[in-house]
Structure formats: structure tokens, C-alpha cells
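Below is the file entry-v5.cif, which contains mmCIF, C-alpha atoms.
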data_start
loop_
_atom_site.group_PDB
_atom_site.id
_atom_site.type_symbol
_atom_site.label_atom_id
_atom_site.label_comp_id
_atom_site.auth_asym_id
_atom_site.auth_seq_id
_atom_site.Cartn_x
_atom_site.Cartn_y
_atom_site.Cartn_z
ATOM 1 C CA MET A 235 59.612 99.718 1.771
ATOM 2 C CA LYS A 236 59.419 96.890 -0.789
ATOM 3 C CA ILE A 237 59.641 99.395 -3.655
ATOM 4 C CA SER A 238 62.704 101.098 -2.101
ATOM 5 C CA PHE A 239 64.378 97.722 -1.664
ATOM 6 C CA ALA A 240 63.586 96.694 -5.277
ATOM 7 C CA VAL A 241 64.863 100.011 -6.658
ATOM 8 C CA GLY A 242 68.024 99.724 -4.535
ATOM 9 C CA ALA A 243 68.650 96.132 -5.646
ATOM 10 C CA LEU A 244 68.092 97.055 -9.298
ATOM 11 C CA THR A 245 70.506 99.986 -8.960
ATOM 12 C CA ILE A 246 73.206 97.694 -7.527
ATOM 13 C CA VAL A 247 72.715 95.110 -10.298
ATOM 14 C CA LEU A 248 72.842 97.761 -13.023
ATOM 15 C CA ALA A 249 75.950 99.354 -11.474
ATOM 16 C CA ALA A 250 77.683 95.971 -11.326
ATOM 17 C CA CYS A 251 76.841 95.246 -14.967
ATOM 18 C CA HIS A 252 78.042 98.683 -16.029
ATOM 19 C CA ALA A 253 81.316 98.357 -14.098
ATOM 20 C CA ARG A 254 82.224 95.074 -15.756
ATOM 21 C CA PRO A 255 84.230 95.619 -18.971
ATOM 22 C CA ALA A 256 82.455 94.579 -22.135
ATOM 23 C CA PRO A 257 83.822 91.455 -23.819
ATOM 24 C CA THR A 258 86.089 92.255 -26.739
ATOM 25 C CA ASN A 259 85.504 88.986 -28.601
ATOM 26 C CA GLY A 260 89.085 87.792 -28.472
ATOM 27 C CA ALA A 261 91.120 90.982 -28.506
ATOM 28 C CA SER A 262 94.751 90.029 -28.083
ATOM 29 C CA ALA A 263 95.231 92.292 -25.072
ATOM 30 C CA ASP A 264 92.526 90.331 -23.248
ATOM 31 C CA ALA A 265 93.846 86.970 -24.413
ATOM 32 C CA CYS A 266 97.318 87.811 -23.093
ATOM 33 C CA ASN A 267 96.427 89.973 -20.105
ATOM 34 C CA HIS A 268 98.046 87.566 -17.633
ATOM 35 C CA GLY A 269 100.607 86.003 -19.940
ATOM 36 C CA MET A 270 102.390 88.890 -21.663
ATOM 37 C CA VAL A 271 106.107 89.005 -20.873
ATOM 38 C CA GLY A 272 108.471 91.292 -22.773
ATOM 39 C CA GLY A 273 106.090 91.698 -25.694
ATOM 40 C CA VAL A 274 105.631 87.929 -26.031
ATOM 41 C CA CYS A 275 102.282 86.344 -25.264
ATOM 42 C CA ARG A 276 102.561 83.063 -23.329
ATOM 43 C CA VAL A 277 99.773 80.736 -24.416
ATOM 44 C CA SER A 278 98.838 77.083 -24.315
ATOM 45 C CA ALA A 279 98.593 75.092 -27.528
ATOM 46 C CA THR A 280 94.842 74.775 -26.985
ATOM 47 C CA LYS A 281 94.383 78.518 -26.587
ATOM 48 C CA LEU A 282 96.464 79.137 -29.706
ATOM 49 C CA LEU A 283 94.299 76.729 -31.700
ATOM 50 C CA VAL A 284 91.000 78.114 -30.447
ATOM 51 C CA LEU A 285 91.923 81.800 -30.641
ATOM 52 C CA ALA A 286 94.297 81.646 -33.625
ATOM 53 C CA GLU A 287 92.983 84.829 -35.248
ATOM 54 C CA THR A 288 93.484 86.696 -31.975
ATOM 55 C CA PHE A 289 97.205 85.924 -31.939
ATOM 56 C CA ALA A 290 97.896 86.420 -35.662
ATOM 57 C CA GLY A 291 100.863 88.716 -36.185
ATOM 58 C CA GLN A 292 102.030 88.456 -32.579
ATOM 59 C CA ASP A 293 105.053 86.886 -30.953
ATOM 60 C CA VAL A 294 103.876 83.939 -28.877
ATOM 61 C CA GLU A 295 105.529 81.468 -26.515
ATOM 62 C CA VAL A 296 103.981 78.004 -26.541
ATOM 63 C CA VAL A 297 104.964 74.407 -25.769
ATOM 64 C CA LEU A 298 104.416 72.097 -28.746
ATOM 65 C CA TYR A 299 105.425 68.566 -29.717
ATOM 66 C CA TYR A 300 108.001 67.909 -32.460
ATOM 67 C CA PRO A 301 107.577 64.428 -34.020
ATOM 68 C CA GLY A 302 111.091 64.189 -35.494
ATOM 69 C CA TYR A 303 112.078 62.776 -38.892
ATOM 70 C CA GLY A 304 112.571 66.213 -40.478
ATOM 71 C CA ALA A 305 108.993 67.328 -39.892
ATOM 72 C CA GLY A 306 108.102 70.914 -40.702
ATOM 73 C CA VAL A 307 105.214 70.911 -38.260
ATOM 74 C CA LEU A 308 104.853 71.042 -34.485
ATOM 75 C CA PHE A 309 101.766 69.516 -32.890
ATOM 76 C CA ALA A 310 99.618 70.537 -29.933
ATOM 77 C CA SER A 311 100.439 67.199 -28.274
ATOM 78 C CA TRP A 312 102.111 63.819 -28.719
ATOM 79 C CA GLU A 313 98.692 62.305 -29.393
ATOM 80 C CA ALA A 314 98.029 64.799 -32.201
ATOM 81 C CA ALA A 315 101.413 63.939 -33.744
ATOM 82 C CA GLN A 316 100.694 60.190 -33.506
ATOM 83 C CA SER A 317 97.490 60.575 -35.496
ATOM 84 C CA ASN A 318 98.978 63.265 -37.787
ATOM 85 C CA ASP A 319 96.132 65.570 -36.758
ATOM 86 C CA LEU A 320 97.192 68.496 -38.928
ATOM 87 C CA ALA A 321 94.296 70.593 -37.625
ATOM 88 C CA SER A 322 96.263 70.583 -34.337
ATOM 89 C CA GLY A 323 99.545 71.316 -36.078
ATOM 90 C CA PHE A 324 101.627 74.431 -36.551
ATOM 91 C CA ALA A 325 103.868 74.611 -39.625
ATOM 92 C CA PHE A 326 107.239 76.353 -39.754
ATOM 93 C CA PRO A 327 109.381 77.291 -42.763
ATOM 94 C CA LEU A 328 111.371 74.691 -44.628
ATOM 95 C CA SER A 329 114.023 75.284 -47.272
ATOM 96 C CA PRO A 330 113.407 74.122 -50.875
ATOM 97 C CA ASP A 331 115.230 70.828 -50.189
ATOM 98 C CA GLY A 332 112.812 70.038 -47.347
ATOM 99 C CA SER A 333 115.140 70.733 -44.441
ATOM 100 C CA SER A 334 114.338 73.513 -42.052
ATOM 101 C CA PHE A 335 116.363 76.702 -41.838
ATOM 102 C CA ARG A 336 118.711 75.713 -39.007
ATOM 103 C CA GLN A 337 115.670 74.731 -36.935
ATOM 104 C CA LEU A 338 116.473 71.016 -37.091
ATOM 105 C CA ASP A 339 119.800 71.678 -35.373
ATOM 106 C CA VAL A 340 117.716 72.514 -32.315
ATOM 107 C CA PHE A 341 114.858 70.097 -33.008
ATOM 108 C CA ASP A 342 117.322 67.243 -32.605
ATOM 109 C CA ARG A 343 114.850 64.585 -31.460
ATOM 110 C CA PRO A 344 111.150 64.041 -30.939
ATOM 111 C CA GLY A 345 109.709 65.683 -27.857
ATOM 112 C CA TYR A 346 108.168 68.808 -26.426
ATOM 113 C CA TYR A 347 109.725 72.188 -27.170
ATOM 114 C CA LYS A 348 108.986 75.661 -25.883
ATOM 115 C CA VAL A 349 109.119 77.945 -28.906
ATOM 116 C CA VAL A 350 108.899 81.695 -29.303
ATOM 117 C CA GLY A 351 108.026 83.017 -32.725
ATOM 118 C CA ARG A 352 105.790 85.210 -34.843
ATOM 119 C CA PHE A 353 102.480 83.379 -35.207
ATOM 120 C CA GLU A 354 100.188 83.632 -38.230
ATOM 121 C CA ARG A 355 96.978 81.972 -39.314
ATOM 122 C CA SER A 356 97.529 79.095 -41.691
ATOM 123 C CA MET A 357 97.830 79.529 -45.404
ATOM 124 C CA PRO A 358 96.735 76.853 -47.863
ATOM 125 C CA ILE A 359 99.272 74.022 -48.005
ATOM 126 C CA ALA A 360 99.920 72.133 -51.229
ATOM 127 C CA VAL A 361 99.497 68.431 -50.563
ATOM 128 C CA GLY A 362 99.773 67.332 -54.201
ATOM 129 C CA ASP A 363 99.622 68.597 -57.773
ATOM 130 C CA ASP A 364 97.025 71.364 -57.831
ATOM 131 C CA ILE A 365 95.665 70.141 -54.497
ATOM 132 C CA ALA A 366 95.712 72.590 -51.631
ATOM 133 C CA ALA A 367 93.790 72.233 -48.418
ATOM 134 C CA PRO A 368 92.955 75.632 -46.922
ATOM 135 C CA GLU A 369 93.800 75.908 -43.232
ATOM 136 C CA VAL A 370 94.937 72.304 -42.995
ATOM 137 C CA VAL A 371 97.022 73.315 -39.997
ATOM 138 C CA GLY A 372 96.155 75.388 -36.945
ATOM 139 C CA GLY A 373 98.635 78.075 -37.953
ATOM 140 C CA TYR A 374 102.266 78.635 -38.778
ATOM 141 C CA PHE A 375 105.352 80.326 -37.463
ATOM 142 C CA GLU A 376 107.375 82.569 -39.767
ATOM 143 C CA GLY A 377 110.406 81.430 -37.790
ATOM 144 C CA PHE A 378 111.534 81.214 -34.193
ATOM 145 C CA SER A 379 113.466 83.603 -32.012
ATOM 146 C CA ARG A 380 113.898 80.929 -29.337
ATOM 147 C CA ILE A 381 113.575 77.139 -29.155
ATOM 148 C CA GLN A 382 114.095 75.216 -25.919
ATOM 149 C CA ARG A 383 113.574 71.512 -25.350
ATOM 150 C CA VAL A 384 111.194 70.721 -22.486
ATOM 151 C CA VAL A 385 111.786 67.603 -20.418
ATOM 152 C CA SER A 386 108.563 65.597 -20.339
ATOM 153 C CA PHE A 387 107.023 64.041 -17.254
ATOM 154 C CA ASP A 388 107.740 60.563 -18.650
ATOM 155 C CA GLU A 389 111.430 61.460 -19.031
ATOM 156 C CA ILE A 390 111.603 62.722 -15.439
ATOM 157 C CA VAL A 391 109.932 59.532 -14.151
ATOM 158 C CA LYS A 392 112.266 57.335 -16.212
ATOM 159 C CA GLU A 393 115.360 59.137 -14.905
ATOM 160 C CA CYS A 394 114.074 58.951 -11.329
ATOM 161 C CA GLY A 395 113.357 55.221 -11.747
ATOM 162 C CA GLY A 396 117.015 54.662 -12.590
ATOM 163 C CA MET A 397 118.208 56.222 -9.315
ATOM 164 C CA LYS A 398 118.172 54.351 -6.011
ATOM 165 C CA GLY A 399 115.824 55.912 -3.449
ATOM 166 C CA CYS A 400 114.180 58.256 -5.951
ATOM 167 C CA ARG A 401 110.429 58.769 -5.924
ATOM 168 C CA MET A 402 108.194 61.179 -7.749
ATOM 169 C CA SER A 403 105.921 63.735 -6.141
ATOM 170 C CA TYR A 404 104.416 67.065 -7.033
ATOM 171 C CA SER A 405 106.011 70.049 -5.304
ATOM 172 C CA ARG A 406 103.196 72.146 -3.845
ATOM 173 C CA GLY A 407 100.846 69.939 -5.810
ATOM 174 C CA VAL A 408 101.823 71.579 -9.106
ATOM 175 C CA LEU A 409 105.410 70.908 -10.222
ATOM 176 C CA PRO A 410 106.542 67.290 -10.763
ATOM 177 C CA MET A 411 109.774 66.741 -8.846
ATOM 178 C CA PRO A 412 111.917 63.686 -8.194
ATOM 179 C CA LYS A 413 112.801 63.334 -4.513
ATOM 180 C CA LEU A 414 115.661 61.340 -3.066
ATOM 181 C CA ASP A 415 115.009 59.539 0.204
ATOM 182 C CA SER A 416 117.258 60.736 3.053
ATOM 183 C CA GLY A 417 120.436 58.788 3.521
ATOM 184 C CA THR A 418 120.746 57.767 -0.131
ATOM 185 C CA GLU A 419 123.350 59.061 -2.495
#
Render the structure in this file as C-alpha cells.
Amino acid sequence: MKISFAVGALTIVLAACHARPAPTNGASADACNHGMVGGVCRVSATKLLVLAETFAGQDVEVVLYYPGYGAGVLFASWEAAQSNDLASGFAFPLSPDGSSFRQLDVFDRPGYYKVVGRFERSMPIAVGDDIAAPEVVGGYFEGFSRIQRVVSFDEIVKECGGMKGCRMSYSRGVLPMPKLDSGTE
């Protein structure tokens, strides 16, 4: 009886292990399996940094921080921009005079932006005469097919604070939403 039970348990364990797909070590289909929409892979900045090689050559949608002042780099976060953490940065093309190709018309002020573009691993960036730091940034975009400013939580709170009877709460515990008290206009 004990042997039958042990053989049965071992058979179940082996069947479960066999049924589970083998890891693909970062294959893009696996990395985007829940975030692929219209051929564009929706990813977080963190995932793009960690799995950069996985997404190379693909169109990705990601929210990144633009620091302003004519920068040719987007950062994973405001904090990364504040410390100029280029390892958490993503470059995009600039023209020879240092201005971006029509990108700055959309990047009109510092803040978070949702961008869609062809992502590539970083190339060495010249930081001085004959000085190039390989992979000084997390990657680069060859250009963007879409750029949309994202309103930050701080901006929502500030706007709500300027309205009488407005208070902040999270809708369904996930989405930050300003709420007006009843009877206020």
C-alpha cells in the first residue's frame, strides 16, 4: 500500500513538472504575454531595464519621466532624473544642433509621459573627446510613434486641493480619483 501511494505521488509530481512549460530565459513572447496590444508590448520601466535584451527590436509602451531643459533622455522615475542616474535612462534621437526631432514639441515640460517606440539596447555614448561609456543608459528609442503626457498623482492631488469639497481616494483601491462631496459645486 505504501509503495503504491509513493509511486502514485511520484507520478503526479512528475506529470505536474512535465506539464509546466520550460522557462525561456526572457523570450519576448513570455515577457509580453499579458501586455501585448496591437503588436506593442506594454511594460514597466523596471521591466524594460531588467529585461532590456528581451525587448530589443520591439515596439514597447512604457511610462517614463522627462526632466525638461531639452534633455535627450527619459528616466525610469523622477528620482532617477534628479540624480541623473543614466543607468536608469533611455536615450532618444537628437538632431545635430542638440534639439530633438519634433519630440520636444510634445515633451513641453517636465513630467511623466507614456511613449510608444522601437526599443533597442544602448549603444556607447560619447561623453567627451574620445571618451565613450558603453551602455551608460538602459537603452534607447529610435523614435516614437506616440507620446502622451501622464498626469501624476501629485498633480491630481494639487488640483483637487484647489477645489472646495474635493478629497482624494482610490477607486476600487487601485485608481487615484478626486471625489467631490455631495452638495458642492
Point to revise | atom CA of Ala290 of chain A to atom CA of Asp319 of chain A, distance in Å rounded to a single decimal | key: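 Answer for the atom CA of Ala290 of chain A to atom CA of Asp319 of chain A separation: 21.0 Å.
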Taking 5 positions as the minimum chain separation for residues in the same chain, which residues sit within 12 Å of Ala314 of chain A when counting only C-alpha atoms? Answer as a compact mmCIF listing (two decimals) with C-alpha atoms, keeping the file's coordinate frame.
# COMPACT_ATOMS: atom_id res chain seq x y z
CA ALA A 279 98.59 75.09 -27.53
CA THR A 280 94.84 74.78 -26.98
CA LEU A 298 104.42 72.10 -28.75
CA TYR A 299 105.42 68.57 -29.72
CA TYR A 300 108.00 67.91 -32.46
CA PRO A 301 107.58 64.43 -34.02
CA VAL A 307 105.21 70.91 -38.26
CA LEU A 308 104.85 71.04 -34.48
CA PHE A 309 101.77 69.52 -32.89
CA ASP A 319 96.13 65.57 -36.76
CA LEU A 320 97.19 68.50 -38.93
CA ALA A 321 94.30 70.59 -37.62
CA SER A 322 96.26 70.58 -34.34
CA GLY A 323 99.54 71.32 -36.08
CA PHE A 324 101.63 74.43 -36.55
CA VAL A 371 97.02 73.32 -40.00
CA GLY A 372 96.16 75.39 -36.94
Point to revise | Which residue of A:Ser416, A:Ser356, A:Ser405, A:Gln382 approaches Val297 of chain A most closely, using all atoms listed in the file | key: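 Answer, going by the shortest atom-to-atom distance: A:Gln382.
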Point to revise | Expected residue set, 8 Å radius at (105.4, 91.9, -29.4), all atoms listed in the file, as a list in words | key: Gly272, Gly273, Val274, Cys275, Gln292 and Asp293 of chain A
Practice item. Rounded to one decimal place, report the atom CA of Phe289 of chain A-atom CA of Tyr346 of chain A distance in Å. Key: 21.1 Å
Practice item. Kindly give the distance, in Å, that separates atom CA of Ser311 of chain A and atom CA of Cys400 of chain A, rounded to a single decimal. Key: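 Distance between the two atoms: 27.7 Å.
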